[in-house]
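Heads up: the structure comes next, in structure tokens.
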Amino acid sequence: MLGFVLRRLAGAIPTIFIVVTLAYFMIRAAPGGPFDLERPLDPLIMENLNAAFNLDKPLWQQYLLYLGNLLQGDFGPSFTRRDFSVADLFAVGLPVSVTLGGLALLLALVVGASLGVLAALRQNKGADYAVVGIATFGITIPNFVVAPILSLLFGVWMGWLPAGGWGTPAHMVLPVVTLALPQIAIIARLTRGATIEALRSNHVRTARAYGLPTRVVVITHTLRAAILPVVSYLGPAAAALLTGSVVVETIFGIPGIGRYFVQGALARDYTLVMGTVVVIAIFVVIFNLLVDIAYALLDPRVRYER
Amino acid sequence: MNAMTNDPVLTVRGLKVAFETNDGLVEAVRGIDLDVHRGETVAIVGESGSGKSQSMMAAMGLLASNGRASGQALYRGQDLVGMRERDLNRIRGDKITMIFQEPMTSLDPLYRIGRQLAEPMIHHRGLSRREAREKGIALLERVGIPDPQRRIDSYPHELSGGQRQRVMIAMALANDPDLLIADEPTTALDVTVQAQILTLLADLQRERGMAIVFITHDLGIVRRFASRVYVMRRGEVVESGATREVFANPSHPYTRMLIDAEPAGAKEPPPAGAPLALTGENVRVSFDIGGGFLKGPSVALRAVDDVTVRVREGETIGIVGESGSGKSTLGRALLRLLPSEGRVVFMGRDISMADKAAMRPLRKELQLVFQDPFGSLSPRMTVGQIVTEGLLVHEPGISGRERDRRAVEALREVDLDPAMRNRYPHEFSGGQRQRIAIARAVILKPRVVVLDEPTSALDRSVQKQIVELLRDIQSRYGLAYLFISHDLAVVRAMSDHVVVMKTGRVVEEGPTAAIFDRPASEYTKSLMHAAFSQEDFHVEAMRVAQGG
């Protein structure tokens, strides 16, 4: 197993290298630069700024410089937030985003999986239709609609929870729920489908034919198989949730890193964008690896193919 | 064979099964009566859709969620139909156990077999995990799993189909049931494995005195295994009685038809001096297994190892073997659908080196018909489109009207109503679909047709019709056939010459009559014995037990 993990991590290095390279040249291909303000700067100041940030060198040299710094763990200074390095910004924002995303993921998993199993066991009955209906609704309503409504309803009108901001557990409730809602819907649908399929499988028929109690048939022989597709969905979903959400962080005023990607790209803050790309790529690689490990633990057929 | 007593284990009265479908209520079983006495073997025989499996599924409370059962199925006086799940769970797995048709999927792939074997013992008999494991090892040993101490910790995917079925049998025996229901337990297995499993079941029955209900479509098995038989058709029992009497004097025309449906007759030999159509000399095919980036070296698997086959116009070469013998791979290699070594000559022309472009005009002459009549026809094309698709490639010049005329002609050729050419494949039965697949090949006027298990997915009575159709088309056009099958009865009725393959090599070959009457190799003999022996499995089991 350890050998497998190491091989997979080694295999991820070229992936991250390609992602970094593509992202670097793509953001540089976009017109404009970090110091193109509405009122043009004095050419001399511009020249000094460019020299200070190495922007006067040929692009390939800048790229190699960036790669070299990255290898040493240096994400560089932020172009637009002058007093901070990209690493400083992440040190503050990443824990916030990870907390928010992690809680949302947990909530989505618990609620979504329970609803999905419930619906599957009551297939084509009232509870099933209700879950499927709510799930479809949850997937269709975008979070930039849900977030202001929740904020308005529970924060402003009812006054039960803070309408925005970050700090206490009460601050977390609304953004976590907003982030979790579509995930609950997706996970509920996935779990429902997989459970129905597992319930129809021949080995579940065997378990029933041998008089095993419903509890054993469902928990032992159905759910372990049914959780597999959910696990493979969780990898990319976790990577996306934990690296922050622009919409939710902006609407609830949360100091996470989700905003940086969009703000950095718009302001041509090259190092900030690149930093975000690297962080997201690493999360994707790690979570896909975790999924593969979980898969191997759950399914012996996968384990032996390695 | 078994002493008949008046001690009923299972009494079925007026059992009905219906399924709620989008087309309304479909009746699968229409009120059947059936008795199983202690220690006896009863067979329920019928073709697909006869309701033979569903009647037992209903008794076991295992119908699909849209299924409804009514009537009675009494186990020692207790009605199983409509019984509460909790009460039913005290009987199934303990007093009545079941083995299924699908050995590959009937065990949970995620758990070791030891655990699955133990569950019913722990649940019904209150054994501890350790006791259940000990008993599981003993059971595995009894059903002939080698090295049971180690095998009990295997996962299902580490066992072959035959071994998995043995594990299911061990599970069925664990609680010493009164009744074992075996639903087509050998259909998915190779013939030699089939014979082993049946002998094992017969032996176990003699030893433990349980009753067996054997659900099958195979009359050979019924004849050799069951003391009494129920013949089912369209949800009704049309005939029942002692097996010997039913076979000797079938009273219902359907039973007679089933008994006559064994493929019979032999093929007319091709005209003397007919030219060679296709020759494969020293054909080899290897596959790389394993290997890949960071995964270590790959291993080459010789799927076909140095096989030579010659087929003349109007001749049929039967290629026989069990799964994994390389017979299908050989067929594809001869059509140059797979990379292979060796020389392949078609109508005097060496095509071993021909590339895709060079092969394309020859594809018309070299056709292939597959085993699965459900998967090999596109569900989104009409039958007319499916049949004429090849013409679009090979004769692009002809008009739509001409294509339609050819479709009508080809469908007539395979005895289908040409008016049905605007329908879609799902509206046809398995046998009709196989006719469509044959029409698709024949419309191109090929010279060589590889028939890869074309009758294996079909009921016996339909098989017989397809065999006759294939022979008929062959004699009309002088086609050369490579007939790939594991079914020896069909091969005998179709072939001039038989090649027996095992693990990629030719074990034995020769004229059909010679191979069937005087098989030389041990392997061919065992195949013949498994397929044609008339010996009762109980007798055989006794002989095996005595080491004979």
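Ordering of the structure tokens sets the chain letters (A, B, ...), residue numbers begin anew at 1 in every chain, and ligands are numbered from 1 in the order given.
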
task = Specify as a ChimeraX atom specification all residues of chain A found within 10 Å of chain B, counting only C-alpha atoms.
result = /A:4,7-8,11,123,200-214,216,220-222,224-225,297-301,304-306

message = List the spatial neighbours of range 131-140 of chain A as a PyMOL selection string - criterion: any atom at most 12 Å away, only C-alpha atoms, same-chain residues fewer than 4 positions off excluded.
response = chain A and resi 108+111-127+144-146+177-193

Taking N, CA and C atoms for each residue, export the selection above as an mmCIF file, in the first residue's frame.
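So part-v8.cif came out as:
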data_model
loop_
_atom_site.group_PDB
_atom_site.id
_atom_site.type_symbol
_atom_site.label_atom_id
_atom_site.label_comp_id
_atom_site.auth_asym_id
_atom_site.auth_seq_id
_atom_site.Cartn_x
_atom_site.Cartn_y
_atom_site.Cartn_z
ATOM 1 N N ALA A 108 -22.979 17.408 3.985
ATOM 2 C CA ALA A 108 -23.531 16.875 2.745
ATOM 3 C C ALA A 108 -23.490 15.357 2.745
ATOM 4 N N VAL A 111 -26.122 13.946 5.531
ATOM 5 C CA VAL A 111 -27.526 14.158 5.152
ATOM 6 C C VAL A 111 -27.817 13.504 3.792
ATOM 7 N N GLY A 112 -26.920 13.744 2.814
ATOM 8 C CA GLY A 112 -27.153 13.235 1.463
ATOM 9 C C GLY A 112 -27.225 11.720 1.423
ATOM 10 N N ALA A 113 -26.253 11.049 2.080
ATOM 11 C CA ALA A 113 -26.229 9.591 2.047
ATOM 12 C C ALA A 113 -27.461 9.024 2.748
ATOM 13 N N SER A 114 -27.847 9.631 3.893
ATOM 14 C CA SER A 114 -29.030 9.119 4.609
ATOM 15 C C SER A 114 -30.276 9.254 3.749
ATOM 16 N N LEU A 115 -30.432 10.428 3.147
ATOM 17 C CA LEU A 115 -31.617 10.632 2.307
ATOM 18 C C LEU A 115 -31.616 9.656 1.140
ATOM 19 N N GLY A 116 -30.454 9.451 0.528
ATOM 20 C CA GLY A 116 -30.352 8.555 -0.626
ATOM 21 C C GLY A 116 -30.738 7.137 -0.273
ATOM 22 N N VAL A 117 -30.219 6.646 0.861
ATOM 23 C CA VAL A 117 -30.539 5.279 1.276
ATOM 24 C C VAL A 117 -32.023 5.168 1.606
ATOM 25 N N LEU A 118 -32.530 6.172 2.308
ATOM 26 C CA LEU A 118 -33.956 6.173 2.647
ATOM 27 C C LEU A 118 -34.810 6.089 1.384
ATOM 28 N N ALA A 119 -34.457 6.908 0.393
ATOM 29 C CA ALA A 119 -35.230 6.922 -0.845
ATOM 30 C C ALA A 119 -35.154 5.572 -1.543
ATOM 31 N N ALA A 120 -33.950 4.956 -1.546
ATOM 32 C CA ALA A 120 -33.783 3.678 -2.240
ATOM 33 C C ALA A 120 -34.618 2.588 -1.580
ATOM 34 N N LEU A 121 -34.646 2.604 -0.238
ATOM 35 C CA LEU A 121 -35.399 1.561 0.464
ATOM 36 C C LEU A 121 -36.909 1.767 0.305
ATOM 37 N N ARG A 122 -37.314 2.982 -0.019
ATOM 38 C CA ARG A 122 -38.744 3.263 -0.227
ATOM 39 C C ARG A 122 -38.993 3.560 -1.703
ATOM 40 N N GLN A 123 -38.283 2.872 -2.578
ATOM 41 C CA GLN A 123 -38.331 3.216 -3.996
ATOM 42 C C GLN A 123 -39.764 3.295 -4.524
ATOM 43 N N ASN A 124 -40.023 4.366 -5.284
ATOM 44 C CA ASN A 124 -41.330 4.611 -5.892
ATOM 45 C C ASN A 124 -42.443 4.803 -4.868
ATOM 46 N N LYS A 125 -42.069 5.221 -3.645
ATOM 47 C CA LYS A 125 -43.087 5.576 -2.667
ATOM 48 C C LYS A 125 -42.907 7.057 -2.329
ATOM 49 N N GLY A 126 -43.753 7.558 -1.459
ATOM 50 C CA GLY A 126 -43.759 8.983 -1.140
ATOM 51 C C GLY A 126 -42.400 9.543 -0.751
ATOM 52 N N ALA A 127 -41.713 8.863 0.184
ATOM 53 C CA ALA A 127 -40.434 9.366 0.667
ATOM 54 C C ALA A 127 -39.428 9.464 -0.479
ATOM 55 N N PHE A 144 -25.687 31.421 -5.615
ATOM 56 C CA PHE A 144 -25.783 32.885 -5.497
ATOM 57 C C PHE A 144 -27.232 33.332 -5.316
ATOM 58 N N VAL A 145 -28.148 32.404 -5.456
ATOM 59 C CA VAL A 145 -29.543 32.695 -5.099
ATOM 60 C C VAL A 145 -29.806 32.266 -3.659
ATOM 61 N N VAL A 146 -29.315 31.044 -3.326
ATOM 62 C CA VAL A 146 -29.550 30.512 -1.986
ATOM 63 C C VAL A 146 -28.910 31.410 -0.928
ATOM 64 N N VAL A 177 -24.358 25.679 5.272
ATOM 65 C CA VAL A 177 -25.590 25.133 4.690
ATOM 66 C C VAL A 177 -25.665 25.468 3.202
ATOM 67 N N THR A 178 -25.331 26.719 2.863
ATOM 68 C CA THR A 178 -25.388 27.122 1.452
ATOM 69 C C THR A 178 -24.479 26.242 0.584
ATOM 70 N N LEU A 179 -23.257 26.052 1.086
ATOM 71 C CA LEU A 179 -22.307 25.238 0.318
ATOM 72 C C LEU A 179 -22.759 23.781 0.238
ATOM 73 N N ALA A 180 -23.365 23.299 1.317
ATOM 74 C CA ALA A 180 -23.706 21.877 1.377
ATOM 75 C C ALA A 180 -24.931 21.527 0.537
ATOM 76 N N LEU A 181 -25.864 22.470 0.399
ATOM 77 C CA LEU A 181 -27.147 22.118 -0.234
ATOM 78 C C LEU A 181 -27.018 21.398 -1.581
ATOM 79 N N PRO A 182 -26.310 21.986 -2.552
ATOM 80 C CA PRO A 182 -26.221 21.253 -3.828
ATOM 81 C C PRO A 182 -25.499 19.922 -3.683
ATOM 82 N N GLN A 183 -24.524 19.859 -2.770
ATOM 83 C CA GLN A 183 -23.796 18.594 -2.577
ATOM 84 C C GLN A 183 -24.714 17.534 -1.963
ATOM 85 N N ILE A 184 -25.568 17.968 -1.019
ATOM 86 C CA ILE A 184 -26.551 17.036 -0.442
ATOM 87 C C ILE A 184 -27.395 16.448 -1.565
ATOM 88 N N ALA A 185 -27.825 17.333 -2.462
ATOM 89 C CA ALA A 185 -28.684 16.883 -3.559
ATOM 90 C C ALA A 185 -27.958 15.866 -4.426
ATOM 91 N N ILE A 186 -26.715 16.178 -4.796
ATOM 92 C CA ILE A 186 -25.981 15.277 -5.682
ATOM 93 C C ILE A 186 -25.707 13.940 -4.991
ATOM 94 N N ILE A 187 -25.249 14.024 -3.728
ATOM 95 C CA ILE A 187 -24.909 12.786 -3.017
ATOM 96 C C ILE A 187 -26.161 11.941 -2.779
ATOM 97 N N ALA A 188 -27.291 12.596 -2.475
ATOM 98 C CA ALA A 188 -28.526 11.838 -2.265
ATOM 99 C C ALA A 188 -28.904 11.080 -3.535
ATOM 100 N N ARG A 189 -28.802 11.749 -4.674
ATOM 101 C CA ARG A 189 -29.159 11.082 -5.938
ATOM 102 C C ARG A 189 -28.210 9.928 -6.241
ATOM 103 N N LEU A 190 -26.904 10.191 -6.048
ATOM 104 C CA LEU A 190 -25.917 9.134 -6.303
ATOM 105 C C LEU A 190 -26.149 7.929 -5.408
ATOM 106 N N THR A 191 -26.336 8.194 -4.110
ATOM 107 C CA THR A 191 -26.528 7.103 -3.161
ATOM 108 C C THR A 191 -27.800 6.333 -3.479
ATOM 109 N N ARG A 192 -28.842 7.062 -3.815
ATOM 110 C CA ARG A 192 -30.103 6.400 -4.133
ATOM 111 C C ARG A 192 -29.914 5.428 -5.300
ATOM 112 N N GLY A 193 -29.324 5.934 -6.388
ATOM 113 C CA GLY A 193 -29.131 5.092 -7.568
ATOM 114 C C GLY A 193 -28.279 3.874 -7.264
#

inquiry  = Please extract the residues of range 24-175 of chain A with a backbone DSSP assignment of helix (DSSP H, G or I) and present them as an MDAnalysis selection string.
reply    = chainID A and resid 24:29 43:52 59:71 86:121 126:140 143:157 169:175

task = Determine, counting only C-alpha atoms, which protein, DNA and RNA residues have an atom within 6 Å of an atom of Ala277 in chain B; residues of the same chain fewer than 3 positions away are not included. Present the result as a PyMOL selection string.
result = chain B and resi 311-313+346-347

Those residues you just picked out, can you put them in a file as a PDB file, in the first residue's frame with C-alpha atoms?
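Contents of the output file selection.pdb:
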ATOM      1  CA  VAL B 311     -11.961 -24.846 -44.630  1.00  0.00           C
ATOM      2  CA  ARG B 312     -13.219 -25.569 -48.141  1.00  0.00           C
ATOM      3  CA  GLU B 313     -16.211 -24.038 -49.873  1.00  0.00           C
ATOM      4  CA  PHE B 346      -8.222 -16.521 -48.425  1.00  0.00           C
ATOM      5  CA  MET B 347      -9.183 -17.879 -51.868  1.00  0.00           C
TER       6      MET B 347
END

message = List the spatial neighbours of range 491-497 of chain B as a VMD selection string - criterion: any atom at most 9 Å away, only C-alpha atoms, same-chain residues fewer than 2 positions off excluded.
response = chain B and resid 263 to 270 315 to 320 467 to 468 470 to 471 481 to 489 499 509 to 513 515 to 516

Atoms to include: C-alpha atoms. Write the selected residues as a PDB file, in the first residue's frame.
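In the end it all went to selection06.pdb:
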ATOM      1  CA  PRO B 263     -30.251 -31.050 -32.610  1.00  0.00           C
ATOM      2  CA  ALA B 264     -30.189 -34.034 -34.881  1.00  0.00           C
ATOM      3  CA  GLY B 265     -29.078 -35.085 -38.309  1.00  0.00           C
ATOM      4  CA  ALA B 266     -25.756 -34.539 -39.918  1.00  0.00           C
ATOM      5  CA  LYS B 267     -24.513 -32.209 -42.570  1.00  0.00           C
ATOM      6  CA  GLU B 268     -24.209 -33.252 -46.198  1.00  0.00           C
ATOM      7  CA  PRO B 269     -20.501 -33.360 -47.035  1.00  0.00           C
ATOM      8  CA  PRO B 270     -19.213 -30.675 -49.418  1.00  0.00           C
ATOM      9  CA  GLU B 315     -17.577 -27.129 -45.642  1.00  0.00           C
ATOM     10  CA  THR B 316     -18.109 -26.565 -41.916  1.00  0.00           C
ATOM     11  CA  ILE B 317     -15.271 -26.819 -39.453  1.00  0.00           C
ATOM     12  CA  GLY B 318     -16.556 -27.152 -35.909  1.00  0.00           C
ATOM     13  CA  ILE B 319     -14.237 -25.612 -33.335  1.00  0.00           C
ATOM     14  CA  VAL B 320     -14.954 -27.025 -29.912  1.00  0.00           C
ATOM     15  CA  VAL B 467     -29.118 -25.043 -37.104  1.00  0.00           C
ATOM     16  CA  GLU B 468     -31.450 -26.040 -39.925  1.00  0.00           C
ATOM     17  CA  LEU B 470     -27.671 -22.302 -41.276  1.00  0.00           C
ATOM     18  CA  ARG B 471     -27.311 -25.669 -43.019  1.00  0.00           C
ATOM     19  CA  TYR B 481     -18.403 -22.064 -42.025  1.00  0.00           C
ATOM     20  CA  LEU B 482     -16.184 -21.931 -39.003  1.00  0.00           C
ATOM     21  CA  PHE B 483     -18.616 -23.008 -36.327  1.00  0.00           C
ATOM     22  CA  ILE B 484     -17.364 -22.152 -32.844  1.00  0.00           C
ATOM     23  CA  SER B 485     -19.243 -23.758 -29.983  1.00  0.00           C
ATOM     24  CA  HIS B 486     -18.962 -25.512 -26.651  1.00  0.00           C
ATOM     25  CA  ASP B 487     -22.179 -27.383 -27.388  1.00  0.00           C
ATOM     26  CA  LEU B 488     -21.206 -30.751 -28.787  1.00  0.00           C
ATOM     27  CA  ALA B 489     -24.711 -31.762 -29.875  1.00  0.00           C
ATOM     28  CA  VAL B 499     -11.181 -29.314 -34.107  1.00  0.00           C
ATOM     29  CA  GLU B 509      -9.090 -33.074 -34.870  1.00  0.00           C
ATOM     30  CA  GLY B 510     -10.742 -35.190 -37.508  1.00  0.00           C
ATOM     31  CA  PRO B 511     -13.977 -35.948 -39.358  1.00  0.00           C
ATOM     32  CA  THR B 512     -17.042 -35.380 -37.178  1.00  0.00           C
ATOM     33  CA  ALA B 513     -18.111 -39.010 -37.014  1.00  0.00           C
ATOM     34  CA  ILE B 515     -14.257 -37.581 -33.257  1.00  0.00           C
ATOM     35  CA  PHE B 516     -17.681 -38.320 -31.811  1.00  0.00           C
TER      36      PHE B 516
END

query = Which residues, written as number ranges by chain, have at least one atom at most 12 Å from range 151-157 of chain A, with only C-alpha atoms counted and residues fewer than 2 positions away on the same chain left out?
reply = A: 143-149, 159-165, 170-178, 248, 251-253

Take the residues that were just selected and, keeping N, CA and C atoms, output them as a PDB file, in the first residue's frame.
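Saved result, result31.pdb, follows:
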ATOM      1  N   ASN A 143     -26.081  28.701  -5.936  1.00  0.00           N
ATOM      2  CA  ASN A 143     -25.838  29.183  -4.579  1.00  0.00           C
ATOM      3  C   ASN A 143     -25.838  30.714  -4.487  1.00  0.00           C
ATOM      4  N   PHE A 144     -25.687  31.421  -5.615  1.00  0.00           N
ATOM      5  CA  PHE A 144     -25.783  32.885  -5.497  1.00  0.00           C
ATOM      6  C   PHE A 144     -27.232  33.332  -5.316  1.00  0.00           C
ATOM      7  N   VAL A 145     -28.148  32.404  -5.456  1.00  0.00           N
ATOM      8  CA  VAL A 145     -29.543  32.695  -5.099  1.00  0.00           C
ATOM      9  C   VAL A 145     -29.806  32.266  -3.659  1.00  0.00           C
ATOM     10  N   VAL A 146     -29.315  31.044  -3.326  1.00  0.00           N
ATOM     11  CA  VAL A 146     -29.550  30.512  -1.986  1.00  0.00           C
ATOM     12  C   VAL A 146     -28.910  31.410  -0.928  1.00  0.00           C
ATOM     13  N   ALA A 147     -27.644  31.810  -1.164  1.00  0.00           N
ATOM     14  CA  ALA A 147     -26.891  32.553  -0.144  1.00  0.00           C
ATOM     15  C   ALA A 147     -27.605  33.837   0.285  1.00  0.00           C
ATOM     16  N   PRO A 148     -27.973  34.739  -0.638  1.00  0.00           N
ATOM     17  CA  PRO A 148     -28.651  35.965  -0.176  1.00  0.00           C
ATOM     18  C   PRO A 148     -29.990  35.680   0.474  1.00  0.00           C
ATOM     19  N   ILE A 149     -30.727  34.668  -0.005  1.00  0.00           N
ATOM     20  CA  ILE A 149     -32.029  34.376   0.601  1.00  0.00           C
ATOM     21  C   ILE A 149     -31.853  33.916   2.040  1.00  0.00           C
ATOM     22  N   GLY A 159     -33.173  37.415  12.385  1.00  0.00           N
ATOM     23  CA  GLY A 159     -32.114  37.808  13.298  1.00  0.00           C
ATOM     24  C   GLY A 159     -31.572  36.658  14.136  1.00  0.00           C
ATOM     25  N   TRP A 160     -31.772  35.417  13.704  1.00  0.00           N
ATOM     26  CA  TRP A 160     -31.296  34.278  14.498  1.00  0.00           C
ATOM     27  C   TRP A 160     -29.793  34.104  14.384  1.00  0.00           C
ATOM     28  N   LEU A 161     -29.268  34.383  13.202  1.00  0.00           N
ATOM     29  CA  LEU A 161     -27.850  34.104  12.941  1.00  0.00           C
ATOM     30  C   LEU A 161     -27.225  35.335  12.306  1.00  0.00           C
ATOM     31  N   PRO A 162     -25.910  35.475  12.438  1.00  0.00           N
ATOM     32  CA  PRO A 162     -25.275  36.604  11.764  1.00  0.00           C
ATOM     33  C   PRO A 162     -25.459  36.515  10.253  1.00  0.00           C
ATOM     34  N   ALA A 163     -25.743  37.652   9.614  1.00  0.00           N
ATOM     35  CA  ALA A 163     -25.995  37.656   8.175  1.00  0.00           C
ATOM     36  C   ALA A 163     -24.694  37.537   7.394  1.00  0.00           C
ATOM     37  N   GLY A 164     -23.575  37.753   8.033  1.00  0.00           N
ATOM     38  CA  GLY A 164     -22.296  37.634   7.347  1.00  0.00           C
ATOM     39  C   GLY A 164     -21.170  37.716   8.344  1.00  0.00           C
ATOM     40  N   GLY A 165     -19.950  37.635   7.842  1.00  0.00           N
ATOM     41  CA  GLY A 165     -18.798  37.712   8.719  1.00  0.00           C
ATOM     42  C   GLY A 165     -18.291  36.340   9.101  1.00  0.00           C
ATOM     43  N   ALA A 170     -21.563  30.389  15.150  1.00  0.00           N
ATOM     44  CA  ALA A 170     -22.823  30.876  14.589  1.00  0.00           C
ATOM     45  C   ALA A 170     -22.605  31.447  13.188  1.00  0.00           C
ATOM     46  N   HIS A 171     -21.433  32.056  12.986  1.00  0.00           N
ATOM     47  CA  HIS A 171     -21.131  32.588  11.658  1.00  0.00           C
ATOM     48  C   HIS A 171     -21.049  31.512  10.591  1.00  0.00           C
ATOM     49  N   MET A 172     -20.749  30.288  11.037  1.00  0.00           N
ATOM     50  CA  MET A 172     -20.497  29.227  10.054  1.00  0.00           C
ATOM     51  C   MET A 172     -21.784  28.627   9.494  1.00  0.00           C
ATOM     52  N   VAL A 173     -22.877  28.712  10.262  1.00  0.00           N
ATOM     53  CA  VAL A 173     -24.065  27.933   9.912  1.00  0.00           C
ATOM     54  C   VAL A 173     -24.552  28.220   8.494  1.00  0.00           C
ATOM     55  N   LEU A 174     -24.845  29.496   8.215  1.00  0.00           N
ATOM     56  CA  LEU A 174     -25.439  29.804   6.910  1.00  0.00           C
ATOM     57  C   LEU A 174     -24.528  29.468   5.732  1.00  0.00           C
ATOM     58  N   PRO A 175     -23.240  29.906   5.771  1.00  0.00           N
ATOM     59  CA  PRO A 175     -22.401  29.537   4.623  1.00  0.00           C
ATOM     60  C   PRO A 175     -22.215  28.032   4.465  1.00  0.00           C
ATOM     61  N   VAL A 176     -22.101  27.304   5.578  1.00  0.00           N
ATOM     62  CA  VAL A 176     -21.943  25.844   5.467  1.00  0.00           C
ATOM     63  C   VAL A 176     -23.174  25.237   4.808  1.00  0.00           C
ATOM     64  N   VAL A 177     -24.358  25.679   5.272  1.00  0.00           N
ATOM     65  CA  VAL A 177     -25.590  25.133   4.690  1.00  0.00           C
ATOM     66  C   VAL A 177     -25.665  25.468   3.202  1.00  0.00           C
ATOM     67  N   THR A 178     -25.331  26.719   2.863  1.00  0.00           N
ATOM     68  CA  THR A 178     -25.388  27.122   1.452  1.00  0.00           C
ATOM     69  C   THR A 178     -24.479  26.242   0.584  1.00  0.00           C
ATOM     70  N   VAL A 248     -19.888  32.147  -2.177  1.00  0.00           N
ATOM     71  CA  VAL A 248     -20.255  32.101  -0.769  1.00  0.00           C
ATOM     72  C   VAL A 248     -19.356  33.035   0.050  1.00  0.00           C
ATOM     73  N   ILE A 251     -20.457  36.721  -0.691  1.00  0.00           N
ATOM     74  CA  ILE A 251     -21.760  37.138  -0.176  1.00  0.00           C
ATOM     75  C   ILE A 251     -21.765  37.198   1.346  1.00  0.00           C
ATOM     76  N   PHE A 252     -21.105  36.204   2.008  1.00  0.00           N
ATOM     77  CA  PHE A 252     -21.113  36.227   3.469  1.00  0.00           C
ATOM     78  C   PHE A 252     -19.907  36.973   4.047  1.00  0.00           C
ATOM     79  N   GLY A 253     -19.071  37.532   3.173  1.00  0.00           N
ATOM     80  CA  GLY A 253     -17.917  38.281   3.652  1.00  0.00           C
ATOM     81  C   GLY A 253     -16.966  37.432   4.473  1.00  0.00           C
TER      82      GLY A 253
END

Spatial neighbours of Gln165 in chain B, max dist 8 Å, only C-alpha atoms, sep filter under 2 positions, as a PyMOL selection string = chain B and resi 99+103+161-163+167-169+185+197

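Nearest to Asp128 in chain A of all the residues A:Leu22, A:Tyr63, A:Asp74, A:Ile196 is A:Ile196, counting only C-alpha atoms.
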
ask   = Neighbours of range 137-146 of chain B within 12 Å (only C-alpha atoms; same-chain residues fewer than 4 positions away dropped), as a VMD selection string?
value = chain B and resid 113 to 115 117 to 118 121 130 to 133 150 to 154 159 to 160 162 to 176 196 to 204 207 545
